[in-house]
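Containing mmCIF, C-alpha atoms: data.cif.
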data_coords
#
loop_
_atom_site.label_atom_id
_atom_site.label_comp_id
_atom_site.auth_asym_id
_atom_site.auth_seq_id
_atom_site.Cartn_x
_atom_site.Cartn_y
_atom_site.Cartn_z
CA LEU A 1 -4.97 6.73 -62.21
CA PRO A 2 -5.43 3.34 -63.83
CA ASP A 3 -2.57 0.92 -64.33
CA GLY A 4 -1.83 -2.07 -66.50
CA ARG A 5 -2.13 -2.57 -70.22
CA ILE A 6 -3.37 0.16 -72.50
CA THR A 7 -7.12 0.04 -73.08
CA ALA A 8 -9.59 2.58 -74.39
CA GLN A 9 -11.13 2.88 -70.92
CA GLY A 10 -7.69 3.40 -69.36
CA ILE A 11 -6.71 6.08 -71.87
CA GLY A 12 -9.97 7.92 -71.15
CA ALA A 13 -9.30 7.74 -67.40
CA VAL A 14 -5.75 9.12 -67.81
CA LEU A 15 -7.07 11.95 -69.99
CA ALA A 16 -9.79 12.79 -67.46
CA ALA A 17 -7.34 12.78 -64.55
CA LEU A 18 -4.57 14.82 -66.16
CA MET A 19 -6.22 17.08 -68.74
CA PRO A 20 -5.59 20.72 -67.82
CA GLU A 21 -8.37 23.26 -67.60
CA ASP A 22 -9.10 25.07 -70.88
CA ALA A 23 -7.49 22.35 -72.98
CA ILE A 24 -8.60 21.98 -76.56
CA VAL A 25 -8.94 18.32 -77.50
CA VAL A 26 -8.88 17.42 -81.18
CA ASP A 27 -10.23 13.90 -81.49
CA GLU A 28 -9.51 11.68 -84.47
CA SER A 29 -9.17 8.54 -82.42
CA ILE A 30 -12.05 6.99 -84.36
CA SER A 31 -11.70 3.26 -83.65
CA VAL A 32 -10.28 3.41 -80.13
CA GLY A 33 -11.74 6.59 -78.71
CA ARG A 34 -15.46 6.32 -79.32
CA ASN A 35 -16.18 6.73 -75.59
CA PHE A 36 -13.49 9.25 -74.64
CA GLY A 37 -16.11 12.01 -74.47
CA ALA A 38 -18.04 10.15 -71.78
CA ALA A 39 -14.84 9.24 -69.93
CA THR A 40 -13.75 12.89 -69.78
CA ALA A 41 -17.15 14.41 -68.96
CA ASN A 42 -15.99 15.24 -65.42
CA ALA A 43 -12.53 16.50 -66.42
CA PRO A 44 -11.77 20.20 -65.98
CA PRO A 45 -13.62 22.43 -68.48
CA HIS A 46 -12.28 21.93 -72.00
CA ASP A 47 -13.34 22.06 -75.65
CA TRP A 48 -13.67 18.89 -77.71
CA LEU A 49 -13.35 19.04 -81.50
CA ASN A 50 -14.07 16.14 -83.80
CA ILE A 51 -15.42 15.46 -87.25
CA MET A 52 -18.09 13.02 -88.31
CA GLY A 53 -17.10 11.30 -91.52
CA GLY A 54 -15.82 12.69 -94.74
CA SER A 55 -12.13 13.02 -94.00
CA ILE A 56 -9.25 10.97 -92.70
CA GLY A 57 -6.28 12.90 -91.38
CA PHE A 58 -7.89 16.10 -90.11
CA GLY A 59 -6.59 15.75 -86.53
CA LEU A 60 -3.00 16.96 -86.78
CA PRO A 61 -3.74 20.02 -88.97
CA ALA A 62 -6.82 20.88 -86.88
CA ALA A 63 -4.69 20.76 -83.73
CA THR A 64 -2.09 22.98 -85.42
CA GLY A 65 -4.79 25.49 -86.30
CA ALA A 66 -6.29 25.37 -82.80
CA ALA A 67 -2.87 26.06 -81.24
CA ILE A 68 -2.34 29.04 -83.55
CA ALA A 69 -5.85 30.37 -82.87
CA ALA A 70 -5.59 29.94 -79.08
CA PRO A 71 -1.88 30.21 -78.17
CA GLY A 72 -2.53 30.36 -74.43
CA ARG A 73 -4.35 27.02 -74.34
CA PRO A 74 -2.87 23.53 -74.42
CA VAL A 75 -3.99 21.42 -77.38
CA ILE A 76 -4.27 17.65 -77.09
CA VAL A 77 -4.72 15.63 -80.27
CA LEU A 78 -5.94 12.05 -80.10
CA GLU A 79 -4.90 10.50 -83.40
CA GLY A 80 -4.96 7.05 -84.92
CA ASP A 81 -1.72 5.98 -86.55
CA GLY A 82 -3.37 5.42 -89.92
CA SER A 83 -5.09 8.80 -89.88
CA ALA A 84 -1.89 10.55 -88.84
CA MET A 85 -0.07 9.21 -91.90
CA TYR A 86 -2.32 11.37 -94.10
CA THR A 87 -1.05 14.63 -92.60
CA LEU A 88 2.22 13.81 -90.87
CA GLN A 89 3.80 17.10 -92.03
CA ALA A 90 1.71 18.99 -89.44
CA LEU A 91 4.24 17.81 -86.84
CA TRP A 92 6.90 19.90 -88.57
CA SER A 93 4.62 22.95 -88.49
CA CYS A 94 4.08 22.46 -84.76
CA ALA A 95 7.83 22.24 -84.19
CA ARG A 96 8.65 25.20 -86.42
CA GLU A 97 6.10 27.41 -84.71
CA GLY A 98 6.75 26.06 -81.20
CA LEU A 99 3.08 25.17 -80.76
CA ASN A 100 1.77 23.72 -77.51
CA VAL A 101 0.34 20.58 -79.14
CA LYS A 102 0.44 17.25 -77.32
CA THR A 103 -0.15 14.39 -79.77
CA LEU A 104 -1.22 10.96 -78.59
CA ILE A 105 -0.81 8.45 -81.43
CA LEU A 106 -3.02 5.42 -80.88
CA ALA A 107 -0.98 2.84 -82.77
CA ASN A 108 -3.04 -0.22 -83.65
CA ARG A 109 -0.92 -0.75 -86.80
CA SER A 110 -3.95 -0.74 -89.07
CA TYR A 111 -6.44 1.41 -90.93
CA GLN A 112 -9.08 0.08 -88.55
CA ILE A 113 -11.76 2.51 -89.70
CA LEU A 114 -11.30 1.30 -93.28
CA ARG A 115 -11.60 -2.30 -92.09
CA GLY A 116 -14.97 -1.34 -90.66
CA GLU A 117 -16.00 0.30 -93.91
CA PHE A 118 -14.94 -2.83 -95.81
CA ALA A 119 -17.21 -4.91 -93.59
CA SER A 120 -20.06 -2.37 -93.86
CA VAL A 121 -20.32 -2.68 -97.63
CA GLY A 122 -20.80 -6.43 -97.34
CA ALA A 123 -17.64 -7.34 -99.20
CA GLY A 124 -17.05 -10.39 -97.02
CA ALA A 125 -13.75 -11.25 -95.42
CA PRO A 126 -10.86 -9.31 -96.97
CA GLY A 127 -8.41 -11.38 -98.98
CA GLN A 128 -4.65 -11.08 -98.56
CA ARG A 129 -4.33 -8.12 -100.94
CA ALA A 130 -7.08 -6.15 -99.18
CA THR A 131 -5.65 -7.09 -95.78
CA ASP A 132 -2.28 -5.74 -96.88
CA LEU A 133 -3.89 -2.45 -97.93
CA LEU A 134 -5.64 -2.12 -94.56
CA SER A 135 -2.53 -2.83 -92.48
CA ILE A 136 0.35 -0.52 -91.61
CA ASP A 137 2.56 -3.04 -89.90
CA ARG A 138 5.15 -4.10 -92.52
CA PRO A 139 7.20 -2.29 -91.54
CA ALA A 140 5.65 -0.99 -88.32
CA LEU A 141 5.69 2.80 -88.19
CA ASP A 142 8.14 4.26 -85.69
CA TRP A 143 6.26 7.33 -84.47
CA VAL A 144 9.06 8.32 -82.11
CA ALA A 145 11.51 8.48 -85.02
CA LEU A 146 8.95 10.18 -87.29
CA ALA A 147 8.20 12.84 -84.67
CA LYS A 148 11.86 13.47 -83.84
CA GLY A 149 12.60 13.71 -87.56
CA HIS A 150 10.06 16.54 -87.70
CA GLY A 151 11.56 18.28 -84.64
CA VAL A 152 9.03 17.04 -82.06
CA GLU A 153 10.02 15.38 -78.78
CA ALA A 154 8.53 11.89 -78.59
CA VAL A 155 8.26 8.76 -76.49
CA ARG A 156 6.61 5.35 -76.90
CA VAL A 157 4.59 3.80 -74.08
CA ASP A 158 3.06 0.37 -73.72
CA ASP A 159 1.20 0.58 -70.40
CA LEU A 160 -1.01 3.07 -68.58
CA GLU A 161 1.56 3.96 -65.91
CA ALA A 162 4.05 5.00 -68.57
CA LEU A 163 1.31 6.93 -70.37
CA ALA A 164 0.52 8.93 -67.23
CA VAL A 165 4.21 9.76 -66.68
CA ALA A 166 4.74 10.75 -70.32
CA PHE A 167 1.51 12.77 -70.50
CA ARG A 168 2.37 14.69 -67.31
CA ARG A 169 5.82 15.46 -68.72
CA ALA A 170 4.36 16.58 -72.04
CA LEU A 171 1.81 18.84 -70.36
CA ALA A 172 4.56 20.45 -68.28
CA SER A 173 6.40 21.54 -71.43
CA THR A 174 5.30 24.41 -73.66
CA GLY A 175 6.31 23.02 -77.06
CA PRO A 176 4.99 20.14 -79.13
CA SER A 177 5.39 16.54 -78.06
CA LEU A 178 4.17 13.15 -79.18
CA ILE A 179 3.35 10.00 -77.24
CA GLU A 180 2.95 6.77 -79.19
CA LEU A 181 0.61 4.37 -77.40
CA VAL A 182 1.16 0.85 -78.71
CA LEU A 183 -2.19 -0.92 -78.62
#

Would you mind writing the structure in this file as structure tokens?
Amino acid sequence: LPDGRITAQGIGAVLAALMPEDAIVVDESISVGRNFGAATANAPPHDWLNIMGGSIGFGLPAATGAAIAAPGRPVIVLEGDGSAMYTLQALWSCAREGLNVKTLILANRSYQILRGEFASVGAGAPGQRATDLLSIDRPALDWVALAKGHGVEAVRVDDLEALAVAFRRALASTGPSLIELVL
């Protein structure tokens, strides 16, 4: 397992090392996780679900649906913090139904995908007002408190060793859990 600060490559390595066989991975990690598929190619057999464009916030409800459809399989959702804000209430559904959903929130404190879209349309450098709209850092979201408020066990990690410990613990439980990775 890798150690040190949290990086996309390190997250992929932890996933590959610890992902259980038959896991269903719902991937809305957009900005951070573009290469998670390659990093987990040699992990135990699993299904990988993602969406290409068109919707922000599909990850948490898709994971909820996957857990209901396949109750004997662990579901791992890789979710950006901005995307998760669109459908936060899915955490409550997971708690209410006791679903085996393990949520990894990749907290970069920004709508990074929207920053990319802003740049793609050739609008130049965003001014202060646009920057404020693309940031979710004032105040910073407390995903541990948000998850616990919805009935989901949660922990925040800021290095790869802590991620591995928290992910192992989450996988050993049968109910929902959330790990906030501060990037």

Residue nearest Asn50 (chain A) - candidates A:Arg96, A:Arg129, A:Arg34, A:Arg109, atoms counted: only C-alpha atoms:
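Result for the nearest residue to Asn50 (chain A): A:Arg34.
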
Could you expand the PyMOL selection byres ((chain A and resi 182) around 7) into the explicit residues it covers here, written as JSON, numbers by chain?
{"A": [106, 107, 108, 157, 158, 180, 181, 183]}

Test item: residues at most 7 Å from region 161-164 of chain A, all atoms listed in the file, excluding those fewer than 5 positions along its chain, as a list of chain:residue names:
A:Asp3, A:Gly4, A:Val14

Can you list, as number ranges by chain, the residues that the PyMOL selection byres ((chain A and resi 13) around 10) selects here?
A: 1-2, 7-12, 14-19, 36, 39-40, 43, 160, 164

For Pro44 (chain A), which of A:Ala170, A:Leu146, A:Val77, A:Ala23 is the closest residue, counting all atoms listed in the file?
A:Ala23

With all atoms listed in the file as the counted atoms, please give the residues lying no more than 12 Å from Asp81 (chain A), apart from itself and same-chain residues fewer than 4 positions off, as a PyMOL selection string.
chain A and resi 28-32+56-57+59-60+77+85-88+103-113+135-137+140-144+146+178-183

To one decimal place, how far is CA of Lys102 (chain A) from CA of Ala147 (chain A) in Å?
11.6 Å

Interatomic distance (Å, one decimal) between CA of Leu134 (chain A) and CA of Phe118 (chain A)
9.4 Å

Straight-line distance linking CA of Cys94 (chain A) with CA of Trp48 (chain A), stated in Å to one decimal:
19.4 Å

Among listed residues A:Ser177, A:Ser120, A:Ser55, A:Thr64, nearest Gly151 (chain A) (using all atoms listed in the file):
A:Ser177

Please complete region 32-44 of chain A with N, CA, C and O atoms and give it back as a CSV table (one decimal), in the coordinates of the input.
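Final output, rebuild39.csv:
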chain,number,residue,atom,x,y,z
A,32,VAL,N,-10.6,3.7,-81.5
A,32,VAL,CA,-10.3,3.4,-80.1
A,32,VAL,C,-11.1,4.3,-79.2
A,32,VAL,O,-11.5,3.9,-78.2
A,33,GLY,N,-11.2,5.6,-79.6
A,33,GLY,CA,-11.7,6.6,-78.7
A,33,GLY,C,-13.2,6.9,-78.7
A,33,GLY,O,-13.6,8.0,-78.3
A,34,ARG,N,-14.0,6.0,-79.2
A,34,ARG,CA,-15.5,6.3,-79.3
A,34,ARG,C,-16.1,6.8,-78.0
A,34,ARG,O,-17.1,7.5,-78.0
A,35,ASN,N,-15.6,6.4,-76.9
A,35,ASN,CA,-16.2,6.7,-75.6
A,35,ASN,C,-15.3,7.7,-74.8
A,35,ASN,O,-15.6,7.9,-73.6
A,36,PHE,N,-14.3,8.3,-75.4
A,36,PHE,CA,-13.5,9.2,-74.6
A,36,PHE,C,-14.3,10.4,-74.1
A,36,PHE,O,-14.0,11.0,-73.1
A,37,GLY,N,-15.3,10.9,-74.9
A,37,GLY,CA,-16.1,12.0,-74.5
A,37,GLY,C,-16.8,11.7,-73.1
A,37,GLY,O,-16.8,12.5,-72.2
A,38,ALA,N,-17.4,10.5,-73.0
A,38,ALA,CA,-18.0,10.2,-71.8
A,38,ALA,C,-17.0,10.0,-70.7
A,38,ALA,O,-17.3,10.4,-69.5
A,39,ALA,N,-15.9,9.5,-71.0
A,39,ALA,CA,-14.8,9.2,-69.9
A,39,ALA,C,-14.3,10.6,-69.4
A,39,ALA,O,-13.9,10.6,-68.2
A,40,THR,N,-14.3,11.6,-70.2
A,40,THR,CA,-13.8,12.9,-69.8
A,40,THR,C,-14.8,13.9,-69.4
A,40,THR,O,-14.5,15.1,-69.2
A,41,ALA,N,-16.0,13.5,-69.3
A,41,ALA,CA,-17.2,14.4,-69.0
A,41,ALA,C,-16.9,15.2,-67.7
A,41,ALA,O,-17.4,16.3,-67.5
A,42,ASN,N,-16.2,14.6,-66.7
A,42,ASN,CA,-16.0,15.2,-65.4
A,42,ASN,C,-14.6,15.8,-65.3
A,42,ASN,O,-14.2,16.2,-64.2
A,43,ALA,N,-13.9,15.9,-66.4
A,43,ALA,CA,-12.5,16.5,-66.4
A,43,ALA,C,-12.7,18.0,-66.3
A,43,ALA,O,-13.8,18.5,-66.4
A,44,PRO,N,-11.6,18.7,-66.0
A,44,PRO,CA,-11.8,20.2,-66.0
A,44,PRO,C,-12.4,20.7,-67.3
A,44,PRO,O,-12.3,20.1,-68.3
